[in-house]
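Colleague: My file is final.cif. It has mmCIF, C-alpha atoms:
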data_run
#
loop_
_atom_site.label_atom_id
_atom_site.label_comp_id
_atom_site.auth_asym_id
_atom_site.auth_seq_id
_atom_site.Cartn_x
_atom_site.Cartn_y
_atom_site.Cartn_z
CA MET A 1 8.71 -32.71 29.09
CA SER A 2 8.02 -33.74 25.56
CA ASP A 3 10.73 -33.86 22.95
CA SER A 4 9.63 -30.68 21.25
CA HIS A 5 10.23 -28.71 24.46
CA ALA A 6 13.86 -29.63 24.26
CA SER A 7 14.16 -27.54 21.08
CA SER A 8 15.67 -24.13 21.78
CA ALA A 9 13.56 -22.61 18.98
CA LEU A 10 10.37 -23.16 20.96
CA ALA A 11 9.28 -20.47 23.44
CA HIS A 12 7.91 -22.04 26.60
CA GLN A 13 4.38 -20.62 26.28
CA PHE A 14 3.65 -22.64 23.11
CA GLU A 15 2.59 -26.24 22.83
CA ASP A 16 4.66 -26.95 19.77
CA LEU A 17 6.51 -25.27 16.90
CA GLU A 18 3.46 -25.33 14.63
CA GLN A 19 1.42 -23.35 17.17
CA GLN A 20 4.30 -20.91 17.66
CA HIS A 21 4.53 -20.43 13.89
CA GLU A 22 0.79 -19.76 13.57
CA ALA A 23 0.82 -17.32 16.50
CA ALA A 24 3.68 -15.35 14.90
CA SER A 25 1.89 -15.15 11.55
CA LEU A 26 -1.43 -14.22 13.18
CA GLY A 27 0.25 -11.36 15.05
CA MET A 28 1.70 -10.06 11.80
CA TRP A 29 -1.67 -10.30 10.04
CA ILE A 30 -3.31 -8.29 12.84
CA PHE A 31 -0.61 -5.64 12.50
CA LEU A 32 -1.24 -5.56 8.74
CA ALA A 33 -4.98 -5.07 9.45
CA THR A 34 -4.08 -1.88 11.33
CA GLU A 35 -1.91 -0.87 8.37
CA VAL A 36 -4.91 -1.36 6.07
CA MET A 37 -6.76 1.20 8.20
CA PHE A 38 -3.78 3.57 8.14
CA PHE A 39 -3.59 3.60 4.35
CA GLY A 40 -7.39 3.26 4.09
CA GLY A 41 -7.88 6.71 5.62
CA ILE A 42 -5.61 8.28 3.00
CA PHE A 43 -7.31 6.31 0.20
CA ALA A 44 -10.78 7.42 1.44
CA GLY A 45 -9.65 11.07 1.41
CA TYR A 46 -8.21 10.57 -2.05
CA ALA A 47 -11.48 9.04 -3.32
CA ILE A 48 -13.53 11.99 -2.08
CA TYR A 49 -11.30 14.77 -3.39
CA ARG A 50 -10.76 13.02 -6.69
CA ASN A 51 -14.53 12.98 -7.20
CA LEU A 52 -14.92 16.60 -6.08
CA TYR A 53 -12.05 17.95 -8.21
CA LEU A 54 -11.73 15.43 -11.03
CA PRO A 55 -10.37 17.76 -13.77
CA GLY A 56 -7.54 18.99 -11.55
CA PHE A 57 -6.68 15.46 -10.42
CA GLU A 58 -6.55 14.26 -14.03
CA ALA A 59 -4.36 17.20 -15.04
CA GLY A 60 -2.01 16.47 -12.13
CA SER A 61 -1.89 12.76 -12.93
CA HIS A 62 -0.96 13.53 -16.55
CA MET A 63 2.17 15.32 -15.32
CA LEU A 64 3.55 12.14 -13.74
CA ASN A 65 5.79 9.79 -15.70
CA VAL A 66 3.90 6.53 -16.38
CA THR A 67 7.04 4.72 -17.58
CA ILE A 68 8.92 5.32 -14.33
CA GLY A 69 5.82 4.34 -12.35
CA ALA A 70 5.42 1.09 -14.32
CA VAL A 71 9.13 0.26 -14.04
CA ASN A 72 8.96 0.82 -10.28
CA THR A 73 5.92 -1.47 -10.10
CA ALA A 74 7.94 -4.17 -11.86
CA VAL A 75 10.89 -3.59 -9.49
CA LEU A 76 8.58 -4.05 -6.51
CA ILE A 77 6.99 -7.22 -7.93
CA CYS A 78 10.51 -8.64 -8.49
CA SER A 79 11.36 -7.83 -4.89
CA SER A 80 8.19 -9.64 -3.75
CA LEU A 81 9.31 -12.71 -5.71
CA THR A 82 12.79 -12.68 -4.15
CA MET A 83 11.21 -12.15 -0.71
CA ALA A 84 8.90 -15.15 -1.21
CA LEU A 85 11.93 -17.20 -2.31
CA ALA A 86 13.84 -16.00 0.77
CA VAL A 87 11.06 -17.26 3.06
CA ARG A 88 11.10 -20.55 1.15
CA ALA A 89 14.88 -20.84 1.58
CA ALA A 90 14.51 -20.19 5.32
CA GLN A 91 11.77 -22.82 5.58
CA MET A 92 14.04 -25.37 3.94
CA GLY A 93 17.08 -24.34 5.97
CA LYS A 94 19.14 -23.22 2.97
CA ARG A 95 21.36 -20.56 4.50
CA ASN A 96 23.19 -19.43 1.35
CA ALA A 97 20.00 -19.12 -0.67
CA LEU A 98 18.37 -17.17 2.17
CA VAL A 99 21.29 -14.72 2.32
CA THR A 100 21.28 -14.30 -1.48
CA PHE A 101 17.55 -13.67 -1.71
CA LEU A 102 17.58 -11.25 1.24
CA ILE A 103 20.37 -9.26 -0.45
CA LEU A 104 18.41 -9.24 -3.73
CA THR A 105 15.25 -8.08 -1.95
CA ILE A 106 17.11 -5.28 -0.15
CA ALA A 107 18.76 -4.22 -3.43
CA LEU A 108 15.42 -4.12 -5.27
CA GLY A 109 13.77 -2.24 -2.40
CA LEU A 110 16.55 0.33 -2.41
CA ALA A 111 16.34 0.56 -6.21
CA PHE A 112 12.65 1.43 -5.87
CA VAL A 113 13.30 4.18 -3.33
CA ILE A 114 16.26 5.58 -5.30
CA ILE A 115 14.26 5.67 -8.56
CA LYS A 116 11.43 7.40 -6.67
CA LEU A 117 13.77 9.92 -5.08
CA THR A 118 16.09 10.83 -7.93
CA LEU A 119 13.93 10.39 -11.04
CA GLU A 120 10.52 11.40 -9.69
CA TRP A 121 10.46 13.53 -6.54
CA ARG A 122 13.53 15.51 -7.54
CA HIS A 123 12.06 16.06 -11.02
CA ASP A 124 8.67 17.05 -9.56
CA TYR A 125 10.36 19.50 -7.21
CA LEU A 126 12.41 21.08 -10.00
CA GLU A 127 9.28 21.38 -12.14
CA GLY A 128 7.64 23.32 -9.30
CA PHE A 129 5.10 20.67 -8.26
CA ALA A 130 5.91 20.57 -4.54
CA PRO A 131 2.94 21.99 -2.60
CA GLY A 132 4.01 24.27 0.22
CA LEU A 133 7.53 24.60 -1.12
CA ASN A 134 7.46 25.89 -4.66
CA PHE A 135 4.11 25.00 -6.23
CA THR A 136 3.82 26.98 -9.44
CA PHE A 137 1.21 25.88 -11.95
CA ALA A 138 -0.29 28.43 -14.26
CA GLY A 139 -2.92 26.31 -16.03
CA ALA A 140 -6.57 25.76 -15.22
CA ASN A 141 -7.65 24.24 -11.88
CA ALA A 142 -4.32 25.17 -10.28
CA LYS A 143 -5.70 24.68 -6.75
CA SER A 144 -7.05 21.20 -7.53
CA VAL A 145 -3.75 20.23 -9.18
CA GLU A 146 -1.98 21.37 -6.02
CA LEU A 147 -4.34 19.18 -3.96
CA PHE A 148 -3.53 16.23 -6.21
CA PHE A 149 0.18 16.76 -5.63
CA CYS A 150 -0.44 16.94 -1.88
CA PHE A 151 -1.99 13.48 -2.07
CA TYR A 152 0.75 12.30 -4.43
CA PHE A 153 3.60 13.30 -2.12
CA ILE A 154 1.91 12.07 1.07
CA MET A 155 0.81 8.71 -0.40
CA THR A 156 4.12 7.94 -2.13
CA GLY A 157 5.96 9.40 0.86
CA VAL A 158 4.40 7.15 3.51
CA HIS A 159 4.74 4.22 1.12
CA ALA A 160 8.46 4.95 0.62
CA LEU A 161 8.82 5.29 4.40
CA HIS A 162 7.37 1.79 4.73
CA MET A 163 9.89 0.58 2.13
CA VAL A 164 12.80 2.12 4.06
CA ILE A 165 11.60 0.53 7.32
CA GLY A 166 11.24 -2.79 5.47
CA VAL A 167 14.80 -2.51 4.14
CA GLY A 168 16.00 -1.87 7.71
CA VAL A 169 14.16 -4.97 8.99
CA LEU A 170 15.58 -7.08 6.16
CA GLY A 171 19.06 -5.72 6.96
CA VAL A 172 18.79 -7.06 10.52
CA LEU A 173 17.49 -10.39 9.20
CA LEU A 174 20.40 -10.52 6.74
CA ILE A 175 22.93 -10.25 9.59
CA GLN A 176 21.11 -12.97 11.53
CA ALA A 177 20.84 -15.17 8.44
CA TRP A 178 24.55 -14.69 7.78
CA LYS A 179 25.24 -16.02 11.29
CA GLY A 180 23.11 -19.07 10.52
CA HIS A 181 20.34 -17.98 12.84
CA PHE A 182 17.46 -19.40 10.82
CA GLY A 183 16.38 -22.92 9.99
CA PRO A 184 13.32 -25.08 9.39
CA ASP A 185 12.36 -24.71 13.07
CA HIS A 186 13.16 -21.06 13.32
CA PHE A 187 12.09 -18.82 10.44
CA ASN A 188 9.09 -16.93 11.85
CA ALA A 189 10.95 -13.60 11.74
CA VAL A 190 11.67 -14.08 8.02
CA GLU A 191 8.07 -15.04 7.36
CA GLY A 192 6.76 -12.00 9.29
CA ALA A 193 9.06 -9.64 7.41
CA GLY A 194 7.88 -11.29 4.19
CA LEU A 195 4.22 -10.64 5.04
CA TYR A 196 5.04 -6.98 5.71
CA TRP A 197 7.04 -6.67 2.48
CA HIS A 198 4.23 -8.15 0.37
CA PHE A 199 1.72 -5.83 2.05
CA VAL A 200 3.80 -2.78 1.08
CA ASP A 201 3.88 -4.20 -2.46
CA ILE A 202 0.07 -4.41 -2.45
CA VAL A 203 -0.20 -0.76 -1.36
CA TRP A 204 1.88 0.22 -4.41
CA ILE A 205 -0.25 -2.02 -6.65
CA PHE A 206 -3.16 0.30 -5.78
CA LEU A 207 -1.16 3.54 -5.72
CA PHE A 208 0.20 3.04 -9.23
CA PRO A 209 -3.14 3.09 -11.13
CA LEU A 210 -4.74 5.62 -8.77
CA LEU A 211 -1.96 8.18 -9.09
CA TYR A 212 -0.45 7.55 -12.52
CA LEU A 213 -3.26 6.15 -14.65
CA ILE A 214 -6.42 7.97 -13.56
CA GLY A 215 -8.49 9.54 -16.26
CA GLY A 216 -6.60 7.64 -18.93
CA ARG A 217 -3.66 8.71 -21.04
CA TYR A 218 -5.28 8.58 -24.45
CA MET B 219 9.16 -27.93 9.41
CA GLN B 220 6.13 -25.66 9.76
CA GLY B 221 4.14 -23.90 7.13
CA HIS B 222 3.56 -25.00 3.58
CA VAL B 223 6.62 -25.02 1.32
CA VAL B 224 5.39 -23.69 -2.00
CA PRO B 225 7.06 -25.05 -5.17
CA LYS B 226 9.37 -22.56 -6.86
CA LYS B 227 7.51 -22.77 -10.16
CA THR B 228 4.30 -21.58 -8.45
CA TYR B 229 6.09 -18.42 -7.31
CA PHE B 230 7.52 -17.82 -10.78
CA ALA B 231 4.11 -18.39 -12.39
CA ILE B 232 2.46 -15.85 -10.05
CA PHE B 233 5.35 -13.46 -10.69
CA GLY B 234 4.78 -13.76 -14.47
CA VAL B 235 1.04 -13.13 -14.12
CA LEU B 236 1.69 -10.07 -11.91
CA LEU B 237 4.09 -8.60 -14.48
CA ALA B 238 1.61 -9.30 -17.30
CA LEU B 239 -1.18 -7.59 -15.34
CA THR B 240 1.10 -4.59 -14.75
CA ILE B 241 1.69 -4.27 -18.50
CA LEU B 242 -2.05 -4.77 -19.11
CA THR B 243 -3.12 -2.05 -16.66
CA THR B 244 -0.56 0.39 -18.09
CA GLY B 245 -1.72 -0.40 -21.64
CA MET B 246 -5.41 -0.04 -20.74
CA ALA B 247 -4.76 3.53 -19.58
CA TYR B 248 -4.06 4.46 -23.22
CA VAL B 249 -7.42 3.08 -24.40
CA ASN B 250 -10.39 5.38 -24.02
CA LEU B 251 -13.06 3.55 -22.02
CA GLY B 252 -14.59 6.66 -20.50
CA GLN B 253 -15.50 6.14 -16.84
CA TRP B 254 -14.58 2.47 -17.14
CA ASN B 255 -10.85 3.26 -17.19
CA THR B 256 -10.78 3.73 -13.42
CA ILE B 257 -12.97 0.67 -12.79
CA VAL B 258 -10.84 -1.57 -15.03
CA ALA B 259 -7.65 -0.30 -13.36
CA LEU B 260 -9.09 -1.02 -9.91
CA ILE B 261 -10.29 -4.51 -10.92
CA ILE B 262 -6.80 -5.36 -12.24
CA ALA B 263 -5.24 -3.99 -9.03
CA CYS B 264 -7.62 -6.15 -6.94
CA CYS B 265 -6.67 -9.24 -8.99
CA LYS B 266 -2.97 -8.52 -8.42
CA ALA B 267 -3.49 -7.96 -4.70
CA THR B 268 -5.47 -11.22 -4.45
CA LEU B 269 -2.66 -13.17 -6.13
CA VAL B 270 -0.06 -11.64 -3.79
CA VAL B 271 -2.17 -12.39 -0.71
CA LEU B 272 -3.07 -15.95 -1.69
CA PHE B 273 0.34 -17.13 -2.91
CA PHE B 274 3.16 -14.83 -1.79
CA MET B 275 1.56 -14.31 1.63
CA HIS B 276 0.56 -18.01 1.82
CA LEU B 277 -3.05 -17.26 2.75
CA ARG B 278 -4.12 -20.17 0.55
CA TRP B 279 -2.38 -22.56 2.96
CA SER B 280 -2.90 -20.59 6.19
CA PRO B 281 -5.33 -21.50 8.98
CA SER B 282 -8.72 -19.82 8.61
CA VAL B 283 -8.08 -17.49 11.56
CA MET B 284 -5.74 -15.47 9.27
CA ARG B 285 -8.47 -15.20 6.65
CA VAL B 286 -10.83 -13.87 9.33
CA VAL B 287 -8.27 -11.16 10.20
CA LEU B 288 -7.91 -10.18 6.54
CA LEU B 289 -11.67 -10.19 5.91
CA SER B 290 -12.31 -8.08 9.01
CA ALA B 291 -9.66 -5.60 7.83
CA LEU B 292 -11.40 -5.38 4.44
CA LEU B 293 -14.81 -5.05 6.12
CA TRP B 294 -13.60 -2.13 8.25
CA LEU B 295 -11.99 -0.56 5.19
CA ALA B 296 -15.34 -0.87 3.39
CA ILE B 297 -17.13 0.79 6.33
CA LEU B 298 -14.55 3.59 6.38
CA ILE B 299 -14.79 4.35 2.66
CA SER B 300 -18.53 3.75 2.13
CA LEU B 301 -19.78 5.76 5.12
CA THR B 302 -17.40 8.65 4.42
CA THR B 303 -18.34 8.84 0.75
CA THR B 304 -22.11 8.51 1.39
CA ASP B 305 -21.87 11.47 3.75
CA PHE B 306 -19.99 13.58 1.23
CA PHE B 307 -22.12 12.81 -1.80
CA SER B 308 -25.54 13.03 -0.16
CA ARG B 309 -24.99 16.35 1.63
CA ASP B 310 -26.86 18.55 -0.84
CA TRP B 311 -29.71 16.12 -1.52
CA ILE B 312 -31.81 17.76 1.19
CA PRO B 313 -31.64 21.55 1.04
CA ILE B 314 -31.34 23.60 4.22
CA PRO B 315 -34.88 24.94 4.95
CA GLU B 316 -35.54 28.62 4.35
CA GLY B 317 -35.10 30.84 7.36
CA TRP B 318 -32.65 28.56 9.12
CA GLU B 319 -29.62 29.72 7.22
CA SER B 320 -29.72 33.34 8.31
CA SER B 321 -30.56 32.72 11.97
CA MET B 322 -28.56 29.54 12.67
CA LEU B 323 -25.54 29.63 10.41
CA ARG B 324 -24.71 33.33 10.39
CA PRO B 325 -25.14 34.75 13.89
CA PRO B 326 -24.28 38.42 14.27
CA THR B 327 -20.55 38.75 14.82
CA PRO B 328 -19.57 40.58 18.00
CA PRO B 329 -17.11 43.32 17.12
CA GLY B 330 -13.51 42.58 17.94
CA ASN B 331 -13.86 38.79 18.20
CA LEU B 332 -11.62 37.76 15.32
CA LEU B 333 -11.75 34.04 15.98
CA GLN B 334 -15.53 33.90 15.88
CA ARG B 335 -15.67 36.10 12.80
CA ALA B 336 -13.26 33.79 11.02
CA SER B 337 -15.32 30.71 11.87
CA CYS B 338 -18.49 32.41 10.61
CA GLN B 339 -16.79 33.25 7.31
CA ALA B 340 -15.69 29.65 6.97
CA ILE B 341 -19.33 28.56 7.10
#
Would you write out, as structure tokens, the structure that this file holds?
Modeller:
Amino acid sequence: MSDSHASSALAHQFEDLEQQHEAASLGMWIFLATEVMFFGGIFAGYAIYRNLYLPGFEAGSHMLNVTIGAVNTAVLICSSLTMALAVRAAQMGKRNALVTFLILTIALGLAFVIIKLTLEWRHDYLEGFAPGLNFTFAGANAKSVELFFCFYFIMTGVHALHMVIGVGVLGVLLIQAWKGHFGPDHFNAVEGAGLYWHFVDIVWIFLFPLLYLIGGRY
Amino acid sequence: MQGHVVPKKTYFAIFGVLLALTILTTGMAYVNLGQWNTIVALIIACCKATLVVLFFMHLRWSPSVMRVVLLSALLWLAILISLTTTDFFSRDWIPIPEGWESSMLRPPTPPGNLLQRASCQAI
């Protein structure tokens, strides 16, 4: 038995902590590859219908609020920074910093979802932009605009669902971090959650221009 | 300790660049570039995603097996989008030959068979 096997952080199937760390990250990256395909299907559908019904998609996009979209992008980028700093704190074994940054990340993630829910979806619903529920649009290309709003609600909806799941994961990590669960030898869970969180951020980085900025605002 | 510990100032620098690019992409939407608006927005989004992947997700310091996973994900995404779009946008390049349409696509509908009638109308 080597010394490293004496460490409780090391699962018995791994040679050493470094290998265990790489295996955990690799597993997360493979999961994210499947997530790329999940969102990729929606993006491919969006690309096709946007090209087929461009005027309607532009008209629909112009009815979204760019300011709220940009503010939400900034909120998400801030949360990615605090998440990266949380992983760093876990790597260095700084418990208090880890707890602080996890709380900040959860707060920013919730802020994103609340802004989305109260300022955007609620507003869109009241304006009559919810396909299948109350879609009422009298202008030209009404059917294409409705299709745009289908994509808008599904894309932002599955993205927000990912945010909510991420907040749940971070909540569990926060409890464990509070109990002093993590340290320089044992932070793979924080790192994995971080990879997921940054991936969800990247999805929004593409959703923001594709939904809010297409066709220009000039 | 495993993994590369990135200096705090690197994270803050990347954060600043990401915020600047967000402002840039929002501002560019108000400038009329014609078709280039979409392309510029996508290029900026790709730059932001690259920064997040390389620094926040530590890919810069990760073993190459993680890069292989990411590149294969992007390759499959490219296959998904390029093959689907080529199908859609090349469909009417070759017209359906005369005589085929009436006999193949619109068979006589048997009376009373609603399901078949509906599928014929959809064509």
Colleague: Mind pulling up the distance from atom CA of Ala86 of chain A to atom CA of Met155 of chain A?
Modeller: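 Atom-to-atom, atom CA of Met155 of chain A and atom CA of Ala86 of chain A are spaced 28.0 Å apart.
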Colleague: Kindly determine which residues of chain A lie within 6 Å of chain B, considering only C-alpha atoms, and give the answer as an MDAnalysis selection string.
Modeller: chainID A and resid 18 26 33 44 84 184:185 195 202 205:206 213 216:218
Colleague: Save the residues we just selected, C-alpha atoms, as a compact mmCIF listing (two decimals), in the coordinates of the input?
Modeller:
# COMPACT_ATOMS: atom_id res chain seq x y z
CA GLU A 18 3.46 -25.33 14.63
CA LEU A 26 -1.43 -14.22 13.18
CA ALA A 33 -4.98 -5.07 9.45
CA ALA A 44 -10.78 7.42 1.44
CA ALA A 84 8.90 -15.15 -1.21
CA PRO A 184 13.32 -25.08 9.39
CA ASP A 185 12.36 -24.71 13.07
CA LEU A 195 4.22 -10.64 5.04
CA ILE A 202 0.07 -4.41 -2.45
CA ILE A 205 -0.25 -2.02 -6.65
CA PHE A 206 -3.16 0.30 -5.78
CA LEU A 213 -3.26 6.15 -14.65
CA GLY A 216 -6.60 7.64 -18.93
CA ARG A 217 -3.66 8.71 -21.04
CA TYR A 218 -5.28 8.58 -24.45
Colleague: What does the distance from atom CA of Arg95 of chain A to atom CA of Val172 of chain A come to in Å, to one decimal?
Modeller: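 If I compute the distance from atom CA of Arg95 of chain A to atom CA of Val172 of chain A, I get 15.0 Å.
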Colleague: Which residue out of A:Gly180, A:Gly168, A:Gly128, A:Gly192 has the minimum interatomic distance to Ala24 of chain A when only C-alpha atoms are used?
Modeller: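 Counting only C-alpha atoms, the residue closest to Ala24 of chain A is A:Gly192.
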Colleague: Mind giving me the straight-line distance from atom CA of Lys179 of chain A to atom CA of Glu22 of chain A in Å, one decimal?
Modeller: 24.8 Å
Colleague: Quick check on the file I pasted: which residues fall under the PyMOL selection byres ((chain A and resi 99-115) around 7)? Write them as a list of chain:residue names.
Modeller: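 When the PyMOL selection byres ((chain A and resi 99-115) around 7) is applied to the shown file, the picked residues are A:Asn72, A:Val75, A:Leu76, A:Ser79, A:Thr82, A:Met83, A:Leu85, A:Ala86, A:Arg95, A:Asn96, A:Ala97, A:Leu98, A:Lys116, A:Leu117, A:Thr118, A:Leu119, A:Glu120, A:Ala160, A:Met163, A:Val167, A:Leu170, A:Leu174, A:Ala177, A:Trp178.
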Colleague: Store the residues of this selection in a file with C-alpha atoms, as a CSV table (one decimal), in the coordinates of the input.
Modeller:
chain,number,residue,atom,x,y,z
A,72,ASN,CA,9.0,0.8,-10.3
A,75,VAL,CA,10.9,-3.6,-9.5
A,76,LEU,CA,8.6,-4.0,-6.5
A,79,SER,CA,11.4,-7.8,-4.9
A,82,THR,CA,12.8,-12.7,-4.2
A,83,MET,CA,11.2,-12.2,-0.7
A,85,LEU,CA,11.9,-17.2,-2.3
A,86,ALA,CA,13.8,-16.0,0.8
A,95,ARG,CA,21.4,-20.6,4.5
A,96,ASN,CA,23.2,-19.4,1.4
A,97,ALA,CA,20.0,-19.1,-0.7
A,98,LEU,CA,18.4,-17.2,2.2
A,116,LYS,CA,11.4,7.4,-6.7
A,117,LEU,CA,13.8,9.9,-5.1
A,118,THR,CA,16.1,10.8,-7.9
A,119,LEU,CA,13.9,10.4,-11.0
A,120,GLU,CA,10.5,11.4,-9.7
A,160,ALA,CA,8.5,5.0,0.6
A,163,MET,CA,9.9,0.6,2.1
A,167,VAL,CA,14.8,-2.5,4.1
A,170,LEU,CA,15.6,-7.1,6.2
A,174,LEU,CA,20.4,-10.5,6.7
A,177,ALA,CA,20.8,-15.2,8.4
A,178,TRP,CA,24.6,-14.7,7.8
Colleague: Residues picked by the PyMOL selection byres ((chain A and resi 207) around 12) here, as an MDAnalysis selection string?
Modeller: (chainID A and resid 39:40 42:43 46:47 61 69:70 72:73 151:160 200:206 208:214) or (chainID B and resid 259:260 263:264 267)
Colleague: What would segment 86-97 of chain A look like with N, CA and C atoms restored, written as a JSON list (two decimals), keeping the file's coordinate frame?
Modeller:
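rebuild.json was written with the following content:
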[["chain", "number", "residue", "atom", "x", "y", "z"],
["A", 86, "ALA", "N", 13.04, -16.05, -0.46],
["A", 86, "ALA", "CA", 13.84, -16.00, 0.77],
["A", 86, "ALA", "C", 13.14, -16.76, 1.89],
["A", 87, "VAL", "N", 11.81, -16.54, 2.03],
["A", 87, "VAL", "CA", 11.06, -17.26, 3.06],
["A", 87, "VAL", "C", 11.14, -18.76, 2.79],
["A", 88, "ARG", "N", 11.03, -19.13, 1.51],
["A", 88, "ARG", "CA", 11.10, -20.55, 1.15],
["A", 88, "ARG", "C", 12.46, -21.13, 1.53],
["A", 89, "ALA", "N", 13.54, -20.36, 1.24],
["A", 89, "ALA", "CA", 14.88, -20.84, 1.58],
["A", 89, "ALA", "C", 15.02, -21.02, 3.09],
["A", 90, "ALA", "N", 14.44, -20.07, 3.86],
["A", 90, "ALA", "CA", 14.51, -20.19, 5.32],
["A", 90, "ALA", "C", 13.75, -21.41, 5.80],
["A", 91, "GLN", "N", 12.58, -21.65, 5.21],
["A", 91, "GLN", "CA", 11.77, -22.82, 5.58],
["A", 91, "GLN", "C", 12.54, -24.11, 5.36],
["A", 92, "MET", "N", 13.33, -24.15, 4.29],
["A", 92, "MET", "CA", 14.04, -25.37, 3.94],
["A", 92, "MET", "C", 15.44, -25.41, 4.55],
["A", 93, "GLY", "N", 15.79, -24.34, 5.30],
["A", 93, "GLY", "CA", 17.08, -24.34, 5.97],
["A", 93, "GLY", "C", 18.26, -24.13, 5.05],
["A", 94, "LYS", "N", 18.03, -23.48, 3.91],
["A", 94, "LYS", "CA", 19.14, -23.22, 2.97],
["A", 94, "LYS", "C", 19.74, -21.85, 3.27],
["A", 95, "ARG", "N", 20.80, -21.82, 4.03],
["A", 95, "ARG", "CA", 21.36, -20.56, 4.50],
["A", 95, "ARG", "C", 21.84, -19.68, 3.35],
["A", 96, "ASN", "N", 22.61, -20.25, 2.43],
["A", 96, "ASN", "CA", 23.19, -19.43, 1.35],
["A", 96, "ASN", "C", 22.11, -18.83, 0.47],
["A", 97, "ALA", "N", 21.09, -19.64, 0.15],
["A", 97, "ALA", "CA", 20.00, -19.12, -0.67],
["A", 97, "ALA", "C", 19.27, -18.01, 0.06]]
